[in-house]
Amino acid sequence: MTITERTLDGPHGDLRVRLYEPAPGVERVAGLVWAHGGGFVHGDLDMAEGDWVARRLAEAGVAVVSVDYALVPAIDRDAPDVRISSEGVRFPAPSEELAFAFAWAVEDSGLGVAPGRWSIGGASAGGNLAAGASLRLRDAGRHPRSVVLAYPVAHHELPPHSAELAAKVAAIPGGSFPPASVKAMNDNYLGHTDGPDSPYAFPGGQDLRGVAPTFIVTSEHDGLRSSGEAYASELAAAGTDVLLVREDGTWHGHLNQPDSVGAARSIARIIAWLTIDALVGTAHELPYDPPHHTEGAAER
């Protein structure tokens with residue numbers, strides 16, 4: 001494969017992307033614009049969730065644009081009195097950068113993938129950005145082929161856990177994403193505690209009609225699983241074709257463990273979703289008027 005880096009003139013200044021191209025002679029059957037996770041404050045293109053995932057996809061004929069989106073300032077989200085500041089990078093900057101990278105990939109990247117073969121995706125906080133960008137793209141009339149979400153943060157406040165999930169989370173030393181910690185993380189992304197002003201910030205609970213077909217893989221032992229599962233239900237209720245898989249025997253961020261069985265299963269599922277058309281439905285054109293809203297922290 002060929003790996004190169006580009007610096008784009010993004011919507012908020014320089015935007016670094018890393019391109020993973022299949023080896024010569026390997027058919028470029030699909031493209032994916034991908035965002036790593038890290039709670040909106042951590043992570044980079046070199047982490048396994050970014051680099052290993054992209055390499056495995058490129059080996060399978062998927063060209064990948066991995067996006068080095070802007071990170072928000074770090075906080076101690078488990079502190080008893082979390083102070084949220086509006087200073088620094090906040091929503092909508094990372095969300096807009098991912099949508100911009102998708103448009104660039106389709107129109108200007110020169111990666112040899114047909115426009116209708118491009119998907120958008122991400123893991124954890126990157127899954128949030130991808131899900132939000134899928135709504136942006138829908139409203140702009142730029143439907144991706146599909147959306148790929150790994151253990152995403154889709155809701156501003158964590159949906160309740162089922163009894164089965166609550167028992168598994170309680171068995172994890174230190175727990176896994178307590179609701180107060182998730183809200184603090186998400187408020188930090190917004191830059192305030194008043195909740196989202198835009199459906200693009202946290203697409204869970206929003207009008208999801210017309211969203212592209214979506215594949216969601218969750219981790220079995222993960223407090224955020226309730227968000228991925230609830231988001232899948234909301235997509236289905238809105239008429240979106242959706243596939244939800246719970247990866248047994250895994251914990252949050254399992255794509256960062258490339259030697260694990262769970263990561264191998266998940267990457268095989270993602271490759272199949274991106275390359276086998278029979279698994280993917282269509283973006284059903286339901287009656288839909290784009291909402292009139294502000295962009296949250298940037299316009300407060």
# chains A, B, ... in the order shown; residues from 1 in each chain; ligands from 1
>>> residues_around(residues="Ala171 (chain A)", least_positions_apart="6", cutoff="12 Å", atoms="only C-alpha atoms", output="ChimeraX atom specification")
/A:164-165,221-223,251
>>> write_last_selection(atoms="N, CA and C atoms", output="PDB file, in the first residue's frame")
ATOM      1  N   GLU A 164     -28.795  -6.319  31.870  1.00  0.00           N
ATOM      2  CA  GLU A 164     -27.639  -7.110  31.422  1.00  0.00           C
ATOM      3  C   GLU A 164     -26.394  -6.255  31.305  1.00  0.00           C
ATOM      4  N   LEU A 165     -26.501  -5.071  30.675  1.00  0.00           N
ATOM      5  CA  LEU A 165     -25.342  -4.198  30.516  1.00  0.00           C
ATOM      6  C   LEU A 165     -24.908  -3.619  31.856  1.00  0.00           C
ATOM      7  N   HIS A 221     -18.639  -5.212  26.874  1.00  0.00           N
ATOM      8  CA  HIS A 221     -18.449  -4.693  28.234  1.00  0.00           C
ATOM      9  C   HIS A 221     -18.098  -3.210  28.145  1.00  0.00           C
ATOM     10  N   ASP A 222     -19.076  -2.379  27.913  1.00  0.00           N
ATOM     11  CA  ASP A 222     -18.833  -0.961  27.635  1.00  0.00           C
ATOM     12  C   ASP A 222     -20.057  -0.148  27.991  1.00  0.00           C
ATOM     13  N   GLY A 223     -19.880   0.808  28.905  1.00  0.00           N
ATOM     14  CA  GLY A 223     -20.997   1.650  29.283  1.00  0.00           C
ATOM     15  C   GLY A 223     -21.588   2.431  28.126  1.00  0.00           C
ATOM     16  N   TRP A 251     -14.106  -4.916  25.226  1.00  0.00           N
ATOM     17  CA  TRP A 251     -14.301  -3.739  26.054  1.00  0.00           C
ATOM     18  C   TRP A 251     -14.177  -2.504  25.172  1.00  0.00           C
TER      19      TRP A 251
END
>>> closest_atom_pairs(of="region 26-114 of chain A", to="region 184-193 of chain A", cutoff="10 Å", atoms="only C-alpha atoms", output="CSV")
residue,atom,partner,partner_atom,distance
A:Gly39,CA,A:Met185,CA,6.8
A:Phe40,CA,A:Tyr189,CA,6.5
A:Val41,CA,A:Tyr189,CA,8.3
A:Leu71,CA,A:Tyr189,CA,8.9
A:Val72,CA,A:Tyr189,CA,6.4
A:Pro73,CA,A:Asn188,CA,8.0
A:Ala74,CA,A:Asn188,CA,8.2
A:Ile75,CA,A:Asn188,CA,7.6
A:Asp76,CA,A:Ala184,CA,8.7
A:Arg77,CA,A:Ala184,CA,5.4
A:Asp78,CA,A:Ala184,CA,7.9
A:Ala79,CA,A:Ala184,CA,9.3
A:Asp81,CA,A:Ala184,CA,9.8
A:Val82,CA,A:Ala184,CA,7.0
A:Arg83,CA,A:Asn188,CA,8.6
A:Ile84,CA,A:Asn188,CA,5.7
A:Ser85,CA,A:Gly191,CA,5.5
A:Ser86,CA,A:Gly191,CA,4.2
A:Glu87,CA,A:Gly191,CA,7.3
A:Gly88,CA,A:Gly191,CA,8.6
A:Val89,CA,A:Tyr189,CA,8.3
A:Arg90,CA,A:Tyr189,CA,5.4
A:Phe91,CA,A:Leu190,CA,5.2
A:Pro92,CA,A:Leu190,CA,7.9
A:Ala93,CA,A:Tyr189,CA,9.9
A:Pro94,CA,A:Tyr189,CA,9.4
>>> closest_atom_pairs(of="region 19-136 of chain A", to="region 225-245 of chain A", cutoff="10 Å", atoms="only C-alpha atoms", output="JSON lines")
{"residue": "A:Ser124", "atom": "CA", "partner": "A:Gly228", "partner_atom": "CA", "distance": 9.6}
{"residue": "A:Gly127", "atom": "CA", "partner": "A:Gly228", "partner_atom": "CA", "distance": 9.6}
{"residue": "A:Ala131", "atom": "CA", "partner": "A:Tyr231", "partner_atom": "CA", "distance": 9.7}
>>> residues_around(residues="Val280 (chain A)", least_positions_apart="2", cutoff="9 Å", atoms="only C-alpha atoms", output="mmCIF file with all heavy atoms, in the first residue's frame")
data_model
loop_
_atom_site.group_PDB
_atom_site.id
_atom_site.type_symbol
_atom_site.label_atom_id
_atom_site.label_comp_id
_atom_site.auth_asym_id
_atom_site.auth_seq_id
_atom_site.Cartn_x
_atom_site.Cartn_y
_atom_site.Cartn_z
ATOM 1 N N ARG A 145 -22.141 6.588 0.751
ATOM 2 C CA ARG A 145 -22.645 5.233 0.533
ATOM 3 C C ARG A 145 -23.173 4.665 1.829
ATOM 4 O O ARG A 145 -24.228 4.021 1.867
ATOM 5 C CB ARG A 145 -21.545 4.331 -0.020
ATOM 6 C CG ARG A 145 -21.933 2.847 -0.118
ATOM 7 C CD ARG A 145 -20.731 2.017 -0.545
ATOM 8 N NE ARG A 145 -21.045 0.591 -0.660
ATOM 9 C CZ ARG A 145 -20.930 -0.289 0.343
ATOM 10 N NH1 ARG A 145 -20.515 0.112 1.533
ATOM 11 N NH2 ARG A 145 -21.219 -1.559 0.152
ATOM 12 N N SER A 146 -22.435 4.883 2.926
ATOM 13 C CA SER A 146 -22.849 4.356 4.217
ATOM 14 C C SER A 146 -22.103 5.064 5.326
ATOM 15 O O SER A 146 -21.207 5.885 5.087
ATOM 16 C CB SER A 146 -22.581 2.844 4.297
ATOM 17 O OG SER A 146 -21.187 2.580 4.393
ATOM 18 N N PRO A 213 -27.374 4.330 4.969
ATOM 19 C CA PRO A 213 -27.303 3.052 5.686
ATOM 20 C C PRO A 213 -26.123 3.043 6.654
ATOM 21 O O PRO A 213 -25.020 3.501 6.319
ATOM 22 C CB PRO A 213 -27.112 2.037 4.556
ATOM 23 C CG PRO A 213 -27.761 2.673 3.367
ATOM 24 C CD PRO A 213 -27.477 4.139 3.503
ATOM 25 N N THR A 214 -26.361 2.494 7.837
ATOM 26 C CA THR A 214 -25.386 2.622 8.921
ATOM 27 C C THR A 214 -25.074 1.273 9.541
ATOM 28 O O THR A 214 -25.976 0.483 9.835
ATOM 29 C CB THR A 214 -25.937 3.571 10.013
ATOM 30 O OG1 THR A 214 -26.188 4.862 9.424
ATOM 31 C CG2 THR A 214 -24.944 3.730 11.145
ATOM 32 N N PHE A 215 -23.780 1.020 9.736
ATOM 33 C CA PHE A 215 -23.302 -0.159 10.448
ATOM 34 C C PHE A 215 -22.732 0.287 11.783
ATOM 35 O O PHE A 215 -21.884 1.177 11.842
ATOM 36 C CB PHE A 215 -22.228 -0.874 9.637
ATOM 37 C CG PHE A 215 -21.534 -1.985 10.395
ATOM 38 C CD1 PHE A 215 -22.258 -3.022 10.959
ATOM 39 C CD2 PHE A 215 -20.155 -1.986 10.555
ATOM 40 C CE1 PHE A 215 -21.626 -4.040 11.658
ATOM 41 C CE2 PHE A 215 -19.509 -2.998 11.250
ATOM 42 C CZ PHE A 215 -20.244 -4.026 11.800
ATOM 43 N N ASP A 241 -31.788 2.035 6.930
ATOM 44 C CA ASP A 241 -31.275 0.666 6.963
ATOM 45 C C ASP A 241 -30.068 0.629 7.895
ATOM 46 O O ASP A 241 -29.106 1.389 7.722
ATOM 47 C CB ASP A 241 -30.869 0.211 5.561
ATOM 48 C CG ASP A 241 -32.065 0.083 4.631
ATOM 49 O OD1 ASP A 241 -33.172 -0.163 5.140
ATOM 50 O OD2 ASP A 241 -31.889 0.231 3.412
ATOM 51 N N VAL A 242 -30.100 -0.249 8.893
ATOM 52 C CA VAL A 242 -29.055 -0.259 9.912
ATOM 53 C C VAL A 242 -28.714 -1.695 10.292
ATOM 54 O O VAL A 242 -29.590 -2.569 10.337
ATOM 55 C CB VAL A 242 -29.507 0.549 11.159
ATOM 56 C CG1 VAL A 242 -30.784 -0.012 11.762
ATOM 57 C CG2 VAL A 242 -28.399 0.620 12.198
ATOM 58 N N LEU A 243 -27.430 -1.940 10.544
ATOM 59 C CA LEU A 243 -26.953 -3.221 11.039
ATOM 60 C C LEU A 243 -26.211 -2.968 12.340
ATOM 61 O O LEU A 243 -25.268 -2.168 12.385
ATOM 62 C CB LEU A 243 -26.016 -3.880 10.025
ATOM 63 C CG LEU A 243 -25.316 -5.169 10.474
ATOM 64 C CD1 LEU A 243 -26.337 -6.262 10.780
ATOM 65 C CD2 LEU A 243 -24.327 -5.647 9.419
ATOM 66 N N TRP A 273 -18.783 -4.929 5.216
ATOM 67 C CA TRP A 273 -19.801 -3.886 5.047
ATOM 68 C C TRP A 273 -19.406 -2.918 3.933
ATOM 69 O O TRP A 273 -20.243 -2.505 3.117
ATOM 70 C CB TRP A 273 -19.991 -3.136 6.358
ATOM 71 C CG TRP A 273 -20.890 -1.940 6.258
ATOM 72 C CD1 TRP A 273 -20.509 -0.641 6.015
ATOM 73 C CD2 TRP A 273 -22.317 -1.919 6.382
ATOM 74 N NE1 TRP A 273 -21.610 0.176 5.991
ATOM 75 C CE2 TRP A 273 -22.723 -0.573 6.208
ATOM 76 C CE3 TRP A 273 -23.275 -2.895 6.621
ATOM 77 C CZ2 TRP A 273 -24.066 -0.196 6.277
ATOM 78 C CZ3 TRP A 273 -24.617 -2.517 6.685
ATOM 79 C CH2 TRP A 273 -24.993 -1.174 6.519
ATOM 80 N N LEU A 274 -18.131 -2.551 3.875
ATOM 81 C CA LEU A 274 -17.677 -1.560 2.904
ATOM 82 C C LEU A 274 -17.525 -2.124 1.498
ATOM 83 O O LEU A 274 -17.578 -1.363 0.527
ATOM 84 C CB LEU A 274 -16.331 -0.974 3.351
ATOM 85 C CG LEU A 274 -16.359 -0.094 4.605
ATOM 86 C CD1 LEU A 274 -14.940 0.246 5.046
ATOM 87 C CD2 LEU A 274 -17.160 1.180 4.356
ATOM 88 N N ILE A 276 -19.046 -5.325 0.239
ATOM 89 C CA ILE A 276 -20.089 -6.227 -0.275
ATOM 90 C C ILE A 276 -21.409 -5.463 -0.337
ATOM 91 O O ILE A 276 -22.037 -5.169 0.692
ATOM 92 C CB ILE A 276 -20.233 -7.470 0.623
ATOM 93 C CG1 ILE A 276 -18.901 -8.228 0.694
ATOM 94 C CG2 ILE A 276 -21.342 -8.371 0.095
ATOM 95 C CD1 ILE A 276 -18.922 -9.403 1.646
ATOM 96 N N ASP A 277 -21.839 -5.142 -1.518
ATOM 97 C CA ASP A 277 -23.028 -4.310 -1.673
ATOM 98 C C ASP A 277 -24.286 -4.973 -1.151
ATOM 99 O O ASP A 277 -25.239 -4.295 -0.745
ATOM 100 C CB ASP A 277 -23.212 -3.940 -3.142
ATOM 101 C CG ASP A 277 -22.182 -2.925 -3.614
ATOM 102 O OD1 ASP A 277 -21.559 -2.278 -2.756
ATOM 103 O OD2 ASP A 277 -21.988 -2.791 -4.839
ATOM 104 N N ALA A 278 -24.318 -6.303 -1.161
ATOM 105 C CA ALA A 278 -25.523 -7.005 -0.723
ATOM 106 C C ALA A 278 -25.825 -6.776 0.754
ATOM 107 O O ALA A 278 -26.957 -7.011 1.198
ATOM 108 C CB ALA A 278 -25.377 -8.503 -0.989
ATOM 109 N N THR A 282 -30.146 1.273 1.075
ATOM 110 C CA THR A 282 -30.083 2.562 0.393
ATOM 111 C C THR A 282 -30.483 3.663 1.362
ATOM 112 O O THR A 282 -31.075 3.408 2.415
ATOM 113 C CB THR A 282 -31.033 2.604 -0.815
ATOM 114 O OG1 THR A 282 -32.382 2.410 -0.349
ATOM 115 C CG2 THR A 282 -30.683 1.538 -1.832
#
>>> select_by_dssp(residues="region 68-283 of chain A", states="strand (DSSP E)", output="ChimeraX atom specification")
/A:68,118-123,147-150,214-221,242-251
>>> residues_around(residues="region 50-55 of chain A", least_positions_apart="2", cutoff="8 Å", atoms="only C-alpha atoms", output="list in words")
Tyr20, Trp34, Ala35, His36, Asp44, Leu45, Asp46, Met47, Ala48, Leu57, Ala58, Glu59, Val64, Ser66, Leu255, Pro258 and Ile267 of chain A
>>> write_last_selection(atoms="N, CA, C and O atoms", output="CSV table (one decimal), in the first residue's frame")
chain,number,residue,atom,x,y,z
A,20,TYR,N,-4.4,6.3,2.8
A,20,TYR,CA,-4.0,4.9,2.7
A,20,TYR,C,-4.5,4.4,1.4
A,20,TYR,O,-5.7,4.2,1.3
A,34,TRP,N,-12.3,8.5,7.8
A,34,TRP,CA,-12.3,7.8,9.1
A,34,TRP,C,-11.8,8.8,10.2
A,34,TRP,O,-10.8,9.5,10.0
A,35,ALA,N,-12.4,8.7,11.4
A,35,ALA,CA,-12.0,9.5,12.5
A,35,ALA,C,-11.8,8.6,13.8
A,35,ALA,O,-12.6,7.9,14.2
A,36,HIS,N,-10.6,8.7,14.3
A,36,HIS,CA,-10.2,8.0,15.5
A,36,HIS,C,-11.0,8.5,16.7
A,36,HIS,O,-11.7,9.6,16.7
A,44,ASP,N,-4.8,10.2,18.0
A,44,ASP,CA,-4.1,10.8,16.9
A,44,ASP,C,-4.1,9.7,15.7
A,44,ASP,O,-4.7,8.6,15.9
A,45,LEU,N,-3.5,10.1,14.6
A,45,LEU,CA,-3.5,9.2,13.5
A,45,LEU,C,-2.7,8.0,13.6
A,45,LEU,O,-2.9,7.0,12.9
A,46,ASP,N,-1.8,8.0,14.6
A,46,ASP,CA,-0.9,6.8,14.8
A,46,ASP,C,-1.4,5.7,15.7
A,46,ASP,O,-0.9,4.6,15.8
A,47,MET,N,-2.5,6.0,16.5
A,47,MET,CA,-3.0,5.0,17.4
A,47,MET,C,-3.6,3.9,16.5
A,47,MET,O,-4.0,4.1,15.4
A,48,ALA,N,-3.7,2.7,17.1
A,48,ALA,CA,-4.2,1.5,16.4
A,48,ALA,C,-5.6,1.8,15.8
A,48,ALA,O,-5.9,1.4,14.7
A,57,LEU,N,-7.9,-2.0,6.2
A,57,LEU,CA,-8.9,-1.7,5.1
A,57,LEU,C,-8.2,-1.5,3.8
A,57,LEU,O,-8.7,-2.0,2.8
A,58,ALA,N,-7.1,-0.8,3.8
A,58,ALA,CA,-6.4,-0.6,2.5
A,58,ALA,C,-5.9,-1.9,1.9
A,58,ALA,O,-6.0,-2.1,0.7
A,59,GLU,N,-5.5,-2.9,2.7
A,59,GLU,CA,-5.1,-4.2,2.2
A,59,GLU,C,-6.3,-4.9,1.6
A,59,GLU,O,-6.1,-5.8,0.7
A,64,VAL,N,-8.5,4.9,2.3
A,64,VAL,CA,-8.9,5.5,3.6
A,64,VAL,C,-8.3,6.9,3.7
A,64,VAL,O,-7.1,7.1,3.4
A,66,SER,N,-7.8,9.2,6.7
A,66,SER,CA,-7.8,9.3,8.1
A,66,SER,C,-7.6,10.8,8.5
A,66,SER,O,-6.6,11.4,8.1
A,255,LEU,N,-10.8,-1.8,19.1
A,255,LEU,CA,-10.0,-1.6,17.8
A,255,LEU,C,-8.6,-1.1,18.1
A,255,LEU,O,-7.8,-1.1,17.2
A,258,PRO,N,-5.2,-4.5,18.3
A,258,PRO,CA,-5.2,-5.2,17.0
A,258,PRO,C,-4.8,-6.7,17.1
A,258,PRO,O,-5.2,-7.4,16.2
A,267,ILE,N,-12.9,-5.8,12.4
A,267,ILE,CA,-12.3,-5.3,11.2
A,267,ILE,C,-12.8,-6.1,10.0
A,267,ILE,O,-13.1,-5.5,8.9
>>> select_by_dssp(residues="region 36-256 of chain A", states="helix (DSSP H, G or I)", output="ChimeraX atom specification")
/A:51-59,93-107,115-117,125-139,163-170,179-190,225-237,254-256
>>> write_last_selection(atoms="C-alpha atoms", output="PDB file, in the first residue's frame")
ATOM      1  CA  ASP A  51      -3.458   3.512  11.698  1.00  0.00           C
ATOM      2  CA  TRP A  52      -4.081  -0.234  12.127  1.00  0.00           C
ATOM      3  CA  VAL A  53      -7.698   0.074  11.053  1.00  0.00           C
ATOM      4  CA  ALA A  54      -6.731   2.071   7.958  1.00  0.00           C
ATOM      5  CA  ARG A  55      -3.952  -0.349   6.993  1.00  0.00           C
ATOM      6  CA  ARG A  56      -6.218  -3.377   7.236  1.00  0.00           C
ATOM      7  CA  LEU A  57      -8.878  -1.664   5.149  1.00  0.00           C
ATOM      8  CA  ALA A  58      -6.379  -0.613   2.478  1.00  0.00           C
ATOM      9  CA  GLU A  59      -5.139  -4.213   2.247  1.00  0.00           C
ATOM     10  CA  ALA A  93     -15.076  22.710  14.538  1.00  0.00           C
ATOM     11  CA  PRO A  94     -14.213  18.951  14.595  1.00  0.00           C
ATOM     12  CA  SER A  95     -17.608  18.037  13.141  1.00  0.00           C
ATOM     13  CA  GLU A  96     -17.231  20.503  10.283  1.00  0.00           C
ATOM     14  CA  GLU A  97     -13.690  19.281   9.613  1.00  0.00           C
ATOM     15  CA  LEU A  98     -14.852  15.702   9.143  1.00  0.00           C
ATOM     16  CA  ALA A  99     -17.647  16.702   6.765  1.00  0.00           C
ATOM     17  CA  PHE A 100     -15.159  18.865   4.855  1.00  0.00           C
ATOM     18  CA  ALA A 101     -12.716  15.953   4.595  1.00  0.00           C
ATOM     19  CA  PHE A 102     -15.483  13.769   3.166  1.00  0.00           C
ATOM     20  CA  ALA A 103     -16.307  16.313   0.455  1.00  0.00           C
ATOM     21  CA  TRP A 104     -12.601  16.625  -0.360  1.00  0.00           C
ATOM     22  CA  ALA A 105     -12.155  12.857  -0.537  1.00  0.00           C
ATOM     23  CA  VAL A 106     -15.037  12.481  -2.966  1.00  0.00           C
ATOM     24  CA  GLU A 107     -14.241  15.462  -5.176  1.00  0.00           C
ATOM     25  CA  PRO A 115     -17.974   9.163  -5.803  1.00  0.00           C
ATOM     26  CA  GLY A 116     -20.807   6.818  -4.880  1.00  0.00           C
ATOM     27  CA  ARG A 117     -18.427   4.346  -3.195  1.00  0.00           C
ATOM     28  CA  ALA A 125     -15.827  10.194  19.877  1.00  0.00           C
ATOM     29  CA  GLY A 126     -14.862   9.844  16.219  1.00  0.00           C
ATOM     30  CA  GLY A 127     -18.083   7.880  15.808  1.00  0.00           C
ATOM     31  CA  ASN A 128     -19.927  10.898  17.154  1.00  0.00           C
ATOM     32  CA  LEU A 129     -18.241  13.095  14.560  1.00  0.00           C
ATOM     33  CA  ALA A 130     -19.070  10.655  11.768  1.00  0.00           C
ATOM     34  CA  ALA A 131     -22.695  10.309  12.843  1.00  0.00           C
ATOM     35  CA  GLY A 132     -23.064  14.083  13.100  1.00  0.00           C
ATOM     36  CA  ALA A 133     -21.371  14.544   9.740  1.00  0.00           C
ATOM     37  CA  SER A 134     -23.787  12.052   8.189  1.00  0.00           C
ATOM     38  CA  LEU A 135     -26.612  14.424   9.131  1.00  0.00           C
ATOM     39  CA  ARG A 136     -24.673  17.389   7.741  1.00  0.00           C
ATOM     40  CA  LEU A 137     -24.115  15.534   4.489  1.00  0.00           C
ATOM     41  CA  ARG A 138     -27.774  14.472   4.301  1.00  0.00           C
ATOM     42  CA  ASP A 139     -28.886  18.090   4.712  1.00  0.00           C
ATOM     43  CA  ALA A 163     -30.029  -4.909  33.412  1.00  0.00           C
ATOM     44  CA  GLU A 164     -27.639  -7.110  31.422  1.00  0.00           C
ATOM     45  CA  LEU A 165     -25.342  -4.198  30.516  1.00  0.00           C
ATOM     46  CA  ALA A 166     -25.523  -2.677  34.006  1.00  0.00           C
ATOM     47  CA  ALA A 167     -24.300  -5.944  35.512  1.00  0.00           C
ATOM     48  CA  LYS A 168     -21.381  -6.134  33.083  1.00  0.00           C
ATOM     49  CA  VAL A 169     -20.393  -2.505  33.650  1.00  0.00           C
ATOM     50  CA  ALA A 170     -20.538  -2.997  37.431  1.00  0.00           C
ATOM     51  CA  PRO A 179     -23.373   8.922  33.074  1.00  0.00           C
ATOM     52  CA  ALA A 180     -21.995  11.988  34.878  1.00  0.00           C
ATOM     53  CA  SER A 181     -18.585  11.422  33.305  1.00  0.00           C
ATOM     54  CA  VAL A 182     -20.113  11.085  29.839  1.00  0.00           C
ATOM     55  CA  LYS A 183     -22.097  14.294  30.273  1.00  0.00           C
ATOM     56  CA  ALA A 184     -18.974  16.147  31.443  1.00  0.00           C
ATOM     57  CA  MET A 185     -17.047  14.845  28.412  1.00  0.00           C
ATOM     58  CA  ASN A 186     -19.824  15.938  26.077  1.00  0.00           C
ATOM     59  CA  ASP A 187     -20.319  19.321  27.749  1.00  0.00           C
ATOM     60  CA  ASN A 188     -16.596  19.883  27.353  1.00  0.00           C
ATOM     61  CA  TYR A 189     -16.952  19.185  23.632  1.00  0.00           C
ATOM     62  CA  LEU A 190     -19.772  21.732  23.426  1.00  0.00           C
ATOM     63  CA  ARG A 225     -22.991   0.425  24.424  1.00  0.00           C
ATOM     64  CA  SER A 226     -26.365   1.831  25.472  1.00  0.00           C
ATOM     65  CA  SER A 227     -25.779   4.822  23.197  1.00  0.00           C
ATOM     66  CA  GLY A 228     -24.873   2.707  20.176  1.00  0.00           C
ATOM     67  CA  GLU A 229     -27.844   0.422  20.727  1.00  0.00           C
ATOM     68  CA  ALA A 230     -30.277   3.302  21.239  1.00  0.00           C
ATOM     69  CA  TYR A 231     -28.959   5.079  18.160  1.00  0.00           C
ATOM     70  CA  ALA A 232     -29.452   1.934  16.061  1.00  0.00           C
ATOM     71  CA  SER A 233     -33.070   1.726  17.267  1.00  0.00           C
ATOM     72  CA  GLU A 234     -33.638   5.391  16.437  1.00  0.00           C
ATOM     73  CA  LEU A 235     -32.194   4.956  12.955  1.00  0.00           C
ATOM     74  CA  ALA A 236     -34.424   1.945  12.307  1.00  0.00           C
ATOM     75  CA  ALA A 237     -37.490   3.810  13.555  1.00  0.00           C
ATOM     76  CA  HIS A 254     -11.252  -2.791  21.259  1.00  0.00           C
ATOM     77  CA  LEU A 255     -10.034  -1.638  17.836  1.00  0.00           C
ATOM     78  CA  ASN A 256      -7.017  -0.302  19.740  1.00  0.00           C
TER      79      ASN A 256
END
>>> atom_distance(atom1="CA of Gly122 (chain A)", atom2="CA of Ala150 (chain A)")
6.3 Å
>>> closest_residue(among="A:Gly121, A:Pro173, A:Gly141, A:Gly205", to="Glu157 (chain A)", atoms="only C-alpha atoms")
A:Gly205
>>> closest_residue(among="A:Leu19, A:Ala140, A:Leu149, A:Ser176", to="Arg246 (chain A)", atoms="only C-alpha atoms")
A:Leu149
>>> closest_residue(among="A:Val67, A:His161, A:Ala123, A:Pro203", to="Val148 (chain A)", atoms="only C-alpha atoms")
A:Ala123
>>> atom_distance(atom1="CA of Arg142 (chain A)", atom2="CA of Ala114 (chain A)")
13.8 Å
